[in-house]
$ cat final_14.tsv   # TSV, C-alpha atoms
chain	number	residue	atom	x	y	z
A	1	MET	CA	0.00	0.00	0.00
A	2	ASP	CA	1.34	3.44	-0.89
A	3	THR	CA	1.81	5.60	2.18
A	4	HIS	CA	2.66	9.27	2.45
A	5	LYS	CA	3.94	9.23	6.02
A	6	GLU	CA	5.00	6.61	8.54
A	7	ILE	CA	5.29	6.91	12.29
A	8	ASP	CA	6.94	4.46	14.64
A	9	ALA	CA	4.99	4.13	17.89
A	10	ARG	CA	6.55	0.79	18.87
A	11	GLY	CA	7.19	0.57	22.59
A	12	LEU	CA	4.57	3.23	23.36
A	13	THR	CA	1.32	2.50	25.18
A	14	CYS	CA	-2.10	4.08	24.96
A	15	PRO	CA	-2.74	6.93	24.36
A	16	LEU	CA	0.64	7.81	22.81
A	17	PRO	CA	0.24	5.93	19.47
A	18	ILE	CA	-3.11	7.69	18.92
A	19	LEU	CA	-1.70	11.08	19.88
A	20	ARG	CA	1.24	10.64	17.50
A	21	ALA	CA	-1.13	9.59	14.71
A	22	LYS	CA	-3.41	12.55	15.36
A	23	LYS	CA	-0.48	14.96	15.13
A	24	ALA	CA	0.83	13.33	11.94
A	25	LEU	CA	-2.60	13.40	10.29
A	26	SER	CA	-2.99	17.10	11.07
A	27	ASP	CA	0.07	17.80	8.88
A	28	MET	CA	-1.22	15.71	5.96
A	29	GLN	CA	-3.47	16.49	3.01
A	30	SER	CA	-6.91	14.97	2.56
A	31	GLY	CA	-6.66	11.51	0.98
A	32	GLU	CA	-3.07	10.86	2.05
A	33	VAL	CA	-2.30	7.59	3.88
A	34	LEU	CA	-0.54	7.30	7.23
A	35	LYS	CA	1.17	4.07	8.32
A	36	VAL	CA	1.51	3.55	12.08
A	37	LEU	CA	3.74	0.87	13.61
A	38	ALA	CA	2.78	-0.14	17.16
A	39	THR	CA	3.45	-2.87	19.71
A	40	ASP	CA	0.55	-2.13	22.08
A	41	PRO	CA	-2.13	-4.82	21.55
A	42	GLY	CA	-4.75	-2.27	22.59
A	43	SER	CA	-3.84	-0.16	19.57
A	44	VAL	CA	-6.03	-2.40	17.38
A	45	ARG	CA	-9.26	-1.33	19.06
A	46	ASP	CA	-7.91	2.16	19.80
A	47	PHE	CA	-7.36	2.89	16.11
A	48	GLN	CA	-10.79	1.47	15.23
A	49	ALA	CA	-12.40	3.87	17.72
A	50	PHE	CA	-10.17	6.76	16.62
A	51	ALA	CA	-11.22	6.30	12.99
A	52	ARG	CA	-14.92	6.22	13.92
A	53	GLN	CA	-14.62	9.33	16.09
A	54	THR	CA	-12.54	11.42	13.67
A	55	GLY	CA	-13.96	10.39	10.30
A	56	ASN	CA	-10.58	9.23	9.01
A	57	ASP	CA	-10.69	5.92	7.10
A	58	LEU	CA	-9.04	2.91	8.74
A	59	LEU	CA	-7.92	1.13	5.58
A	60	ASP	CA	-6.20	-1.90	7.09
A	61	GLN	CA	-4.77	-3.37	10.29
A	62	GLN	CA	-2.14	-6.10	10.29
A	63	ALA	CA	-0.61	-8.12	13.12
A	64	HIS	CA	2.90	-9.54	12.80
A	65	HIS	CA	4.72	-11.83	15.17
A	66	THR	CA	8.41	-10.97	15.51
A	67	GLU	CA	11.20	-12.33	17.68
A	68	SER	CA	10.79	-9.36	20.03
A	69	GLY	CA	6.99	-9.70	20.25
A	70	ASP	CA	3.85	-8.80	18.36
A	71	GLU	CA	3.72	-5.72	16.14
A	72	TYR	CA	0.65	-4.05	14.68
A	73	THR	CA	0.49	-1.94	11.54
A	74	HIS	CA	-2.38	0.48	11.01
A	75	PHE	CA	-3.17	2.35	7.79
A	76	LEU	CA	-5.31	5.48	8.02
A	77	ARG	CA	-6.49	7.74	5.19
A	78	ARG	CA	-6.78	11.41	6.09
A	79	ARG	CA	-10.35	12.65	5.72
$ encode --input "final_14.tsv" --output "structure tokens"
Amino acid sequence: MDTHKEIDARGLTCPLPILRAKKALSDMQSGEVLKVLATDPGSVRDFQAFARQTGNDLLDQQAHHTESGDEYTHFLRRR
């Protein structure tokens, strides 16, 4: 998926991944895609709620198992 910006929120817990995403989206143009990397398992439902509340599109969420633990990737399209 083509992304316009990527933020690394790995190692951060709620609400920091959401706050970082919110700040990044505010600097983006409508229609651009933000990729967020996170390790907090709660980020899956947090980004679902964030998308509903803000009107940004949650395009995809992926979970990956790595040697250091689970990682989650979230793709949001700026409204």
$ residues_around --input "final_14.tsv" --residues "segment 17-34 of chain A" --least-positions-apart "4" --cutoff "6 Å" --atoms "only C-alpha atoms" --output "ChimeraX atom specification"
/A:3-6,9,75-79
$ closest_residue --input "final_14.tsv" --among "A:Met1, A:Cys14, A:Ala63, A:Leu58" --to "Gly42 of chain A" --atoms "all atoms listed in the file"
A:Cys14
$ atom_distance --input "final_14.tsv" --atom1 "atom CA of Ile7 of chain A" --atom2 "atom CA of Lys35 of chain A"
6.4 Å
$ closest_residue --input "final_14.tsv" --among "A:Asp70, A:Asp40, A:Asp46, A:Asp57" --to "Gly11 of chain A" --atoms "only C-alpha atoms"
A:Asp40
$ atom_distance --input "final_14.tsv" --atom1 "atom CA of Pro15 of chain A" --atom2 "atom CA of Phe47 of chain A"
10.3 Å
$ residues_around --input "final_14.tsv" --residues "Thr39 of chain A" --least-positions-apart "4" --cutoff "8 Å" --atoms "all atoms listed in the file" --output "VMD selection string"
chain A and resid 9 to 13 43 69 to 72
$ write_last_selection --input "final_14.tsv" --atoms "C-alpha atoms" --output "PDB file, in the coordinates of the input"
ATOM      1  CA  ALA A   9       4.990   4.130  17.890  1.00  0.00           C
ATOM      2  CA  ARG A  10       6.550   0.790  18.870  1.00  0.00           C
ATOM      3  CA  GLY A  11       7.190   0.570  22.590  1.00  0.00           C
ATOM      4  CA  LEU A  12       4.570   3.230  23.360  1.00  0.00           C
ATOM      5  CA  THR A  13       1.320   2.500  25.180  1.00  0.00           C
ATOM      6  CA  SER A  43      -3.840  -0.160  19.570  1.00  0.00           C
ATOM      7  CA  GLY A  69       6.990  -9.700  20.250  1.00  0.00           C
ATOM      8  CA  ASP A  70       3.850  -8.800  18.360  1.00  0.00           C
ATOM      9  CA  GLU A  71       3.720  -5.720  16.140  1.00  0.00           C
ATOM     10  CA  TYR A  72       0.650  -4.050  14.680  1.00  0.00           C
TER      11      TYR A  72
END
$ atom_distance --input "final_14.tsv" --atom1 "atom CA of Val44 of chain A" --atom2 "atom CA of Thr66 of chain A"
16.9 Å
$ closest_residue --input "final_14.tsv" --among "A:Val36, A:Glu67, A:Asp60, A:Asp2" --to "Leu16 of chain A" --atoms "all atoms listed in the file"
A:Val36
$ closest_residue --input "final_14.tsv" --among "A:Asn56, A:Ala49, A:His64, A:Thr73" --to "Leu37 of chain A" --atoms "only C-alpha atoms"
A:Thr73
$ axis_aligned_box --input "final_14.tsv" --around "segment 6-17 of chain A" --padding-each-side "5 Å" --output "lines of an AutoDock Vina configuration file"
center_x = 2.2
center_y = 4.2
center_z = 16.9
size_x = 19.9
size_y = 17.2
size_z = 26.6
